[in-house]
file upload09.pdb (PDB, C-alpha atoms)
ATOM      1  CA  MET A  20       0.000   0.000   0.000  1.00  0.00           C
ATOM      2  CA  LEU A  21       2.681   2.389  -1.079  1.00  0.00           C
ATOM      3  CA  ALA A  22       2.092   6.116  -1.245  1.00  0.00           C
ATOM      4  CA  ARG A  23       3.151   7.965  -4.387  1.00  0.00           C
ATOM      5  CA  GLU A  24       4.229  11.563  -4.711  1.00  0.00           C
ATOM      6  CA  THR A  25       4.222  13.905  -7.656  1.00  0.00           C
ATOM      7  CA  GLU A  26       5.361  17.509  -7.860  1.00  0.00           C
ATOM      8  CA  ARG A  27       2.112  18.772  -6.303  1.00  0.00           C
ATOM      9  CA  LEU A  28       0.297  15.696  -4.974  1.00  0.00           C
ATOM     10  CA  THR A  29       0.540  12.876  -2.478  1.00  0.00           C
ATOM     11  CA  LEU A  30      -1.391   9.723  -3.349  1.00  0.00           C
ATOM     12  CA  ARG A  31      -1.945   7.831  -0.103  1.00  0.00           C
ATOM     13  CA  MET A  32      -4.353   5.545   1.735  1.00  0.00           C
ATOM     14  CA  PHE A  33      -7.652   6.960   2.925  1.00  0.00           C
ATOM     15  CA  ARG A  34      -7.821   7.580   6.670  1.00  0.00           C
ATOM     16  CA  SER A  35     -10.688   8.382   9.028  1.00  0.00           C
ATOM     17  CA  GLY A  36      -9.820  12.101   9.056  1.00  0.00           C
ATOM     18  CA  ASP A  37     -10.636  12.267   5.327  1.00  0.00           C
ATOM     19  CA  LEU A  38     -14.343  11.664   5.862  1.00  0.00           C
ATOM     20  CA  ASP A  39     -15.467  15.319   6.051  1.00  0.00           C
ATOM     21  CA  ALA A  40     -13.710  16.393   2.856  1.00  0.00           C
ATOM     22  CA  TYR A  41     -14.586  13.191   1.008  1.00  0.00           C
ATOM     23  CA  ALA A  42     -18.249  13.383   2.094  1.00  0.00           C
ATOM     24  CA  ALA A  43     -18.457  16.979   0.842  1.00  0.00           C
ATOM     25  CA  MET A  44     -17.022  15.869  -2.506  1.00  0.00           C
ATOM     26  CA  CYS A  45     -19.409  12.897  -2.780  1.00  0.00           C
ATOM     27  CA  ALA A  46     -22.379  15.154  -1.941  1.00  0.00           C
ATOM     28  CA  ASP A  47     -21.633  17.471  -4.894  1.00  0.00           C
ATOM     29  CA  PRO A  48     -23.940  16.608  -7.832  1.00  0.00           C
ATOM     30  CA  GLU A  49     -21.442  17.922 -10.400  1.00  0.00           C
ATOM     31  CA  VAL A  50     -18.615  15.781  -9.011  1.00  0.00           C
ATOM     32  CA  MET A  51     -20.806  12.669  -8.879  1.00  0.00           C
ATOM     33  CA  ARG A  52     -22.505  13.237 -12.236  1.00  0.00           C
ATOM     34  CA  TYR A  53     -20.173  10.778 -14.012  1.00  0.00           C
ATOM     35  CA  ILE A  54     -19.393   8.448 -11.095  1.00  0.00           C
ATOM     36  CA  ASN A  55     -21.246   5.126 -10.826  1.00  0.00           C
ATOM     37  CA  ASP A  56     -24.964   5.829 -11.353  1.00  0.00           C
ATOM     38  CA  GLY A  57     -24.521   9.607 -11.052  1.00  0.00           C
ATOM     39  CA  ARG A  58     -26.165  10.065  -7.687  1.00  0.00           C
ATOM     40  CA  THR A  59     -24.635  11.809  -4.702  1.00  0.00           C
ATOM     41  CA  LEU A  60     -23.725   9.921  -1.533  1.00  0.00           C
ATOM     42  CA  THR A  61     -24.786  10.578   2.031  1.00  0.00           C
ATOM     43  CA  ARG A  62     -22.134  10.824   4.733  1.00  0.00           C
ATOM     44  CA  ASP A  63     -22.864   7.215   5.788  1.00  0.00           C
ATOM     45  CA  GLU A  64     -22.611   6.002   2.197  1.00  0.00           C
ATOM     46  CA  THR A  65     -19.348   7.915   1.797  1.00  0.00           C
ATOM     47  CA  TRP A  66     -17.900   6.204   4.869  1.00  0.00           C
ATOM     48  CA  ARG A  67     -18.866   2.817   3.386  1.00  0.00           C
ATOM     49  CA  ASP A  68     -17.321   3.863   0.064  1.00  0.00           C
ATOM     50  CA  MET A  69     -14.030   4.598   1.851  1.00  0.00           C
ATOM     51  CA  ALA A  70     -14.248   1.183   3.534  1.00  0.00           C
ATOM     52  CA  VAL A  71     -14.828  -0.526   0.156  1.00  0.00           C
ATOM     53  CA  ILE A  72     -11.819   1.308  -1.293  1.00  0.00           C
ATOM     54  CA  LEU A  73      -9.626   0.159   1.609  1.00  0.00           C
ATOM     55  CA  GLY A  74     -11.025  -3.378   1.305  1.00  0.00           C
ATOM     56  CA  HIS A  75     -10.114  -3.416  -2.395  1.00  0.00           C
ATOM     57  CA  TRP A  76      -6.510  -2.676  -1.377  1.00  0.00           C
ATOM     58  CA  GLN A  77      -6.582  -5.623   1.042  1.00  0.00           C
ATOM     59  CA  LEU A  78      -8.046  -8.027  -1.504  1.00  0.00           C
ATOM     60  CA  ARG A  79      -6.153  -6.956  -4.620  1.00  0.00           C
ATOM     61  CA  GLY A  80      -2.978  -5.295  -3.307  1.00  0.00           C
ATOM     62  CA  TYR A  81      -3.785  -2.099  -5.220  1.00  0.00           C
ATOM     63  CA  GLY A  82      -6.642   0.368  -5.394  1.00  0.00           C
ATOM     64  CA  LEU A  83      -7.725   3.986  -5.274  1.00  0.00           C
ATOM     65  CA  TRP A  84      -5.540   6.434  -3.400  1.00  0.00           C
ATOM     66  CA  ALA A  85      -6.748   9.487  -1.528  1.00  0.00           C
ATOM     67  CA  VAL A  86      -5.225  12.507  -3.285  1.00  0.00           C
ATOM     68  CA  GLU A  87      -3.769  15.213  -1.103  1.00  0.00           C
ATOM     69  CA  GLU A  88      -2.469  18.542  -2.369  1.00  0.00           C
ATOM     70  CA  ARG A  89       1.067  18.732  -0.976  1.00  0.00           C
ATOM     71  CA  ALA A  90       1.059  22.517  -0.504  1.00  0.00           C
ATOM     72  CA  THR A  91      -2.082  22.575   1.662  1.00  0.00           C
ATOM     73  CA  HIS A  92      -2.476  18.948   2.801  1.00  0.00           C
ATOM     74  CA  ASN A  93      -6.118  19.191   1.653  1.00  0.00           C
ATOM     75  CA  LEU A  94      -7.848  16.053   0.419  1.00  0.00           C
ATOM     76  CA  ILE A  95      -8.783  16.899  -3.171  1.00  0.00           C
ATOM     77  CA  GLY A  96      -9.966  13.578  -4.602  1.00  0.00           C
ATOM     78  CA  ARG A  97      -9.186   9.969  -5.365  1.00  0.00           C
ATOM     79  CA  ILE A  98      -7.072   8.441  -8.129  1.00  0.00           C
ATOM     80  CA  GLY A  99      -5.911   4.929  -8.745  1.00  0.00           C
ATOM     81  CA  HIS A 100      -6.833   1.438  -9.785  1.00  0.00           C
ATOM     82  CA  TRP A 101     -10.080  -0.473  -9.619  1.00  0.00           C
ATOM     83  CA  LYS A 102     -10.888  -4.052 -10.540  1.00  0.00           C
ATOM     84  CA  PRO A 103     -13.697  -5.564  -8.488  1.00  0.00           C
ATOM     85  CA  GLU A 104     -14.971  -9.020  -9.334  1.00  0.00           C
ATOM     86  CA  GLY A 105     -16.508  -9.108 -12.814  1.00  0.00           C
ATOM     87  CA  TRP A 106     -14.999  -5.780 -13.935  1.00  0.00           C
ATOM     88  CA  PRO A 107     -14.109  -5.504 -17.647  1.00  0.00           C
ATOM     89  CA  GLY A 108     -10.422  -4.799 -16.998  1.00  0.00           C
ATOM     90  CA  PHE A 109      -7.796  -3.156 -14.813  1.00  0.00           C
ATOM     91  CA  GLU A 110      -9.192   0.367 -14.509  1.00  0.00           C
ATOM     92  CA  LEU A 111      -7.372   3.636 -13.905  1.00  0.00           C
ATOM     93  CA  GLY A 112      -9.839   6.170 -12.536  1.00  0.00           C
ATOM     94  CA  TRP A 113      -9.910   9.660 -11.093  1.00  0.00           C
ATOM     95  CA  MET A 114     -12.337  11.902  -9.251  1.00  0.00           C
ATOM     96  CA  LEU A 115     -11.516  15.350  -7.909  1.00  0.00           C
ATOM     97  CA  SER A 116     -13.370  17.959  -5.901  1.00  0.00           C
ATOM     98  CA  ARG A 117     -14.826  20.571  -8.258  1.00  0.00           C
ATOM     99  CA  ARG A 118     -12.646  23.286  -6.705  1.00  0.00           C
ATOM    100  CA  TYR A 119      -9.594  21.528  -8.176  1.00  0.00           C
ATOM    101  CA  TRP A 120     -10.876  20.984 -11.721  1.00  0.00           C
ATOM    102  CA  GLY A 121      -8.836  22.575 -14.469  1.00  0.00           C
ATOM    103  CA  CYS A 122      -5.590  22.658 -12.477  1.00  0.00           C
ATOM    104  CA  GLY A 123      -3.961  19.642 -14.128  1.00  0.00           C
ATOM    105  CA  PHE A 124      -4.184  17.588 -10.930  1.00  0.00           C
ATOM    106  CA  ALA A 125      -6.187  14.738 -12.522  1.00  0.00           C
ATOM    107  CA  THR A 126      -3.619  14.276 -15.283  1.00  0.00           C
ATOM    108  CA  GLU A 127      -0.690  14.597 -12.857  1.00  0.00           C
ATOM    109  CA  GLY A 128      -2.091  12.058 -10.405  1.00  0.00           C
ATOM    110  CA  ALA A 129      -3.361   9.682 -13.089  1.00  0.00           C
ATOM    111  CA  ARG A 130       0.047   9.726 -14.777  1.00  0.00           C
ATOM    112  CA  ALA A 131       1.653   8.627 -11.478  1.00  0.00           C
ATOM    113  CA  ALA A 132      -0.956   5.877 -11.094  1.00  0.00           C
ATOM    114  CA  LEU A 133      -0.442   4.758 -14.702  1.00  0.00           C
ATOM    115  CA  ASP A 134       3.307   4.569 -14.107  1.00  0.00           C
ATOM    116  CA  HIS A 135       2.657   2.505 -10.965  1.00  0.00           C
ATOM    117  CA  ALA A 136       0.419   0.106 -12.906  1.00  0.00           C
ATOM    118  CA  PHE A 137       2.974  -0.528 -15.641  1.00  0.00           C
ATOM    119  CA  THR A 138       6.274  -0.378 -13.724  1.00  0.00           C
ATOM    120  CA  VAL A 139       5.396  -1.703 -10.250  1.00  0.00           C
ATOM    121  CA  LEU A 140       2.331  -3.898 -10.790  1.00  0.00           C
ATOM    122  CA  ASN A 141       3.423  -4.990 -14.308  1.00  0.00           C
ATOM    123  CA  VAL A 142      -0.151  -4.797 -15.595  1.00  0.00           C
ATOM    124  CA  PRO A 143      -0.254  -5.504 -19.363  1.00  0.00           C
ATOM    125  CA  HIS A 144      -3.273  -3.302 -20.160  1.00  0.00           C
ATOM    126  CA  VAL A 145      -5.041  -0.408 -18.418  1.00  0.00           C
ATOM    127  CA  ILE A 146      -8.508   0.929 -19.168  1.00  0.00           C
ATOM    128  CA  SER A 147     -10.447   4.002 -18.107  1.00  0.00           C
ATOM    129  CA  LEU A 148     -14.243   3.812 -18.192  1.00  0.00           C
ATOM    130  CA  ILE A 149     -15.752   7.188 -19.092  1.00  0.00           C
ATOM    131  CA  TYR A 150     -19.276   8.488 -19.677  1.00  0.00           C
ATOM    132  CA  PRO A 151     -19.543   9.540 -23.351  1.00  0.00           C
ATOM    133  CA  ASP A 152     -20.383  13.170 -22.482  1.00  0.00           C
ATOM    134  CA  ASN A 153     -17.623  13.557 -19.866  1.00  0.00           C
ATOM    135  CA  ALA A 154     -15.322  15.704 -22.024  1.00  0.00           C
ATOM    136  CA  ARG A 155     -12.986  16.548 -19.121  1.00  0.00           C
ATOM    137  CA  SER A 156     -12.181  12.900 -18.384  1.00  0.00           C
ATOM    138  CA  ILE A 157     -11.827  12.092 -22.067  1.00  0.00           C
ATOM    139  CA  ARG A 158      -9.185  14.841 -22.298  1.00  0.00           C
ATOM    140  CA  VAL A 159      -7.345  13.412 -19.262  1.00  0.00           C
ATOM    141  CA  ALA A 160      -7.343   9.925 -20.817  1.00  0.00           C
ATOM    142  CA  GLU A 161      -6.027  11.311 -24.106  1.00  0.00           C
ATOM    143  CA  ARG A 162      -3.299  13.327 -22.334  1.00  0.00           C
ATOM    144  CA  LEU A 163      -2.186  10.072 -20.706  1.00  0.00           C
ATOM    145  CA  GLY A 164      -1.943   8.464 -24.138  1.00  0.00           C
ATOM    146  CA  GLU A 165      -5.019   6.275 -23.793  1.00  0.00           C
ATOM    147  CA  ARG A 166      -7.077   5.679 -26.921  1.00  0.00           C
ATOM    148  CA  LEU A 167     -10.732   4.855 -27.433  1.00  0.00           C
ATOM    149  CA  GLU A 168     -11.028   1.064 -27.606  1.00  0.00           C
ATOM    150  CA  GLY A 169     -14.798   0.602 -27.574  1.00  0.00           C
ATOM    151  CA  THR A 170     -17.773   0.687 -25.237  1.00  0.00           C
ATOM    152  CA  VAL A 171     -19.083  -1.385 -22.358  1.00  0.00           C
ATOM    153  CA  GLU A 172     -22.318  -1.420 -20.400  1.00  0.00           C
ATOM    154  CA  ILE A 173     -22.113  -1.565 -16.604  1.00  0.00           C
ATOM    155  CA  ALA A 174     -25.268  -1.431 -14.474  1.00  0.00           C
ATOM    156  CA  LYS A 175     -27.277  -0.296 -17.515  1.00  0.00           C
ATOM    157  CA  VAL A 176     -24.879   2.596 -18.185  1.00  0.00           C
ATOM    158  CA  LYS A 177     -23.025   2.723 -21.516  1.00  0.00           C
ATOM    159  CA  LEU A 178     -19.412   3.799 -21.014  1.00  0.00           C
ATOM    160  CA  LEU A 179     -16.509   4.486 -23.324  1.00  0.00           C
ATOM    161  CA  VAL A 180     -13.456   2.302 -22.830  1.00  0.00           C
ATOM    162  CA  TYR A 181     -10.179   4.185 -23.206  1.00  0.00           C
ATOM    163  CA  GLY A 182      -7.047   2.116 -22.816  1.00  0.00           C
ATOM    164  CA  MET A 183      -3.344   1.581 -23.241  1.00  0.00           C
ATOM    165  CA  HIS A 184      -1.062  -1.460 -23.395  1.00  0.00           C
ATOM    166  CA  ARG A 185       2.173  -1.472 -21.430  1.00  0.00           C
ATOM    167  CA  SER A 186       4.100  -1.715 -24.731  1.00  0.00           C
ATOM    168  CA  GLU A 187       2.690   1.707 -25.707  1.00  0.00           C
ATOM    169  CA  TYR A 188       3.593   3.386 -22.411  1.00  0.00           C
ATOM    170  CA  VAL A 189       6.198   6.127 -22.460  1.00  0.00           C
ATOM    171  CA  PRO A 190       7.319   7.098 -18.918  1.00  0.00           C
ATOM    172  CA  GLY A 191       7.468  10.756 -18.128  1.00  0.00           C
TER     173      GLY A 191
END
call {"tool": "encode", "arguments": {"input": "upload09.pdb", "output": "structure tokens"}}
result
Amino acid sequence: MLARETERLTLRMFRSGDLDAYAAMCADPEVMRYINDGRTLTRDETWRDMAVILGHWQLRGYGLWAVEERATHNLIGRIGHWKPEGWPGFELGWMLSRRYWGCGFATEGARAALDHAFTVLNVPHVISLIYPDNARSIRVAERLGERLEGTVEIAKVKLLVYGMHRSEYVPG
């Protein structure tokens, strides 16, 4: 459960003190619009979501990191890997508090997570599942070098599958 650092971010495990900031993020309809079924989460549901994220780490040895801005130590989102049972592939995902959109943090953190997937976990292929009208996330995926590979339906939601093979990865 290694932490990762970038120039401006620390990717680390969630901890109990993150609940207030994470609950505020998960209660924002704009943030949650393209996450799961698009609905916001209550504080109790957010706590359970954090527990599921930590459980994924225990079961898989990888997962979603809490993202902390190094300059302020504020929790600004989550970035990392997701592959629950029955998932269509090894997913790289990101979600940031709306206040931090447009700052390059999603690309910066996702690039560190992508590097971790290919160089530490030796994953052969990474996907990102994105709602078709989520232009911001499509741009992040493209900046990472992911390409549109097709579509998939999960829980009656049609998603775009962006992806990259390890052989295509250029560190940096």
call {"tool": "resolve_selection", "arguments": {"input": "upload09.pdb", "expression": "the PyMOL selection byres ((chain A and resi 162) around 12)", "output": "PyMOL selection string"}}
result
chain A and resi 123+125-127+129-130+133+155-161+163-166+181-183+189+191
call {"tool": "closest_residue", "arguments": {"input": "upload09.pdb", "among": "A:Leu148, A:Ala85, A:Leu78, A:Leu140", "to": "Leu111 in chain A", "atoms": "only C-alpha atoms"}}
result
A:Leu148
call {"tool": "atom_distance", "arguments": {"input": "upload09.pdb", "atom1": "CA of Tyr150 in chain A", "atom2": "CA of Met32 in chain A"}}
result
26.3 Å
call {"tool": "atom_distance", "arguments": {"input": "upload09.pdb", "atom1": "CA of Gly80 in chain A", "atom2": "CA of His135 in chain A"}}
result
12.3 Å
call {"tool": "atom_distance", "arguments": {"input": "upload09.pdb", "atom1": "CA of Arg79 in chain A", "atom2": "CA of Trp106 in chain A"}}
result
12.9 Å
call {"tool": "closest_residue", "arguments": {"input": "upload09.pdb", "among": "A:Asp56, A:Asp39, A:Glu187, A:Glu49", "to": "Phe137 in chain A", "atoms": "only C-alpha atoms"}}
result
A:Glu187
call {"tool": "closest_residue", "arguments": {"input": "upload09.pdb", "among": "A:Leu38, A:Ala43, A:Ile146, A:Val176", "to": "Pro107 in chain A", "atoms": "only C-alpha atoms"}}
result
A:Ile146
call {"tool": "resolve_selection", "arguments": {"input": "upload09.pdb", "expression": "the PyMOL selection byres ((chain A and resi 102) around 12)", "output": "PyMOL selection string"}}
result
chain A and resi 71-72+74-76+78-83+99-101+103-112+142+145-148
call {"tool": "resolve_selection", "arguments": {"input": "upload09.pdb", "expression": "the PyMOL selection byres ((chain A and resi 124) around 12)", "output": "ChimeraX atom specification"}}
result
/A:25-30,86-89,95-98,113-123,125-131,156,159
call {"tool": "closest_residue", "arguments": {"input": "upload09.pdb", "among": "A:Ile173, A:Ala132, A:Leu179, A:Tyr41", "to": "Thr65 in chain A", "atoms": "only C-alpha atoms"}}
result
A:Tyr41
call {"tool": "closest_residue", "arguments": {"input": "upload09.pdb", "among": "A:Ser186, A:Asn141, A:Ser35, A:Thr91", "to": "Leu73 in chain A", "atoms": "all atoms listed in the file"}}
result
A:Ser35
call {"tool": "closest_residue", "arguments": {"input": "upload09.pdb", "among": "A:His184, A:Asp134, A:Asn153, A:Leu167", "to": "Val50 in chain A", "atoms": "only C-alpha atoms"}}
result
A:Asn153
call {"tool": "build_atoms", "arguments": {"input": "upload09.pdb", "residues": "range 164-178 of chain A", "atoms": "N, CA and C atoms", "output": "mmCIF file, keeping the file's coordinate frame"}}
result
data_model
loop_
_atom_site.group_PDB
_atom_site.id
_atom_site.type_symbol
_atom_site.label_atom_id
_atom_site.label_comp_id
_atom_site.auth_asym_id
_atom_site.auth_seq_id
_atom_site.Cartn_x
_atom_site.Cartn_y
_atom_site.Cartn_z
ATOM 1 N N GLY A 164 -2.295 9.323 -23.013
ATOM 2 C CA GLY A 164 -1.943 8.464 -24.138
ATOM 3 C C GLY A 164 -2.919 7.332 -24.361
ATOM 4 N N GLU A 165 -4.003 7.291 -23.584
ATOM 5 C CA GLU A 165 -5.019 6.275 -23.793
ATOM 6 C C GLU A 165 -5.801 6.591 -25.070
ATOM 7 N N ARG A 166 -6.282 5.527 -25.698
ATOM 8 C CA ARG A 166 -7.077 5.679 -26.921
ATOM 9 C C ARG A 166 -8.419 4.990 -26.744
ATOM 10 N N LEU A 167 -9.413 5.467 -27.461
ATOM 11 C CA LEU A 167 -10.732 4.855 -27.433
ATOM 12 C C LEU A 167 -10.645 3.441 -27.991
ATOM 13 N N GLU A 168 -11.083 2.466 -27.196
ATOM 14 C CA GLU A 168 -11.028 1.064 -27.606
ATOM 15 C C GLU A 168 -12.413 0.462 -27.833
ATOM 16 N N GLY A 169 -13.451 1.137 -27.394
ATOM 17 C CA GLY A 169 -14.798 0.602 -27.574
ATOM 18 C C GLY A 169 -15.733 1.109 -26.500
ATOM 19 N N THR A 170 -16.794 0.346 -26.258
ATOM 20 C CA THR A 170 -17.773 0.687 -25.237
ATOM 21 C C THR A 170 -18.079 -0.548 -24.409
ATOM 22 N N VAL A 171 -18.659 -0.312 -23.243
ATOM 23 C CA VAL A 171 -19.083 -1.385 -22.358
ATOM 24 C C VAL A 171 -20.313 -0.879 -21.607
ATOM 25 N N GLU A 172 -21.168 -1.793 -21.209
ATOM 26 C CA GLU A 172 -22.318 -1.420 -20.400
ATOM 27 C C GLU A 172 -22.153 -2.015 -19.007
ATOM 28 N N ILE A 173 -22.221 -1.146 -17.999
ATOM 29 C CA ILE A 173 -22.113 -1.565 -16.604
ATOM 30 C C ILE A 173 -23.311 -0.986 -15.866
ATOM 31 N N ALA A 174 -24.077 -1.843 -15.224
ATOM 32 C CA ALA A 174 -25.268 -1.431 -14.474
ATOM 33 C C ALA A 174 -26.183 -0.552 -15.329
ATOM 34 N N LYS A 175 -26.386 -0.967 -16.569
ATOM 35 C CA LYS A 175 -27.277 -0.296 -17.515
ATOM 36 C C LYS A 175 -26.775 1.083 -17.951
ATOM 37 N N VAL A 176 -25.489 1.340 -17.753
ATOM 38 C CA VAL A 176 -24.879 2.596 -18.185
ATOM 39 C C VAL A 176 -23.850 2.270 -19.264
ATOM 40 N N LYS A 177 -23.976 2.920 -20.427
ATOM 41 C CA LYS A 177 -23.025 2.723 -21.516
ATOM 42 C C LYS A 177 -21.821 3.645 -21.286
ATOM 43 N N LEU A 178 -20.645 3.064 -21.271
ATOM 44 C CA LEU A 178 -19.412 3.799 -21.014
ATOM 45 C C LEU A 178 -18.422 3.595 -22.156
#
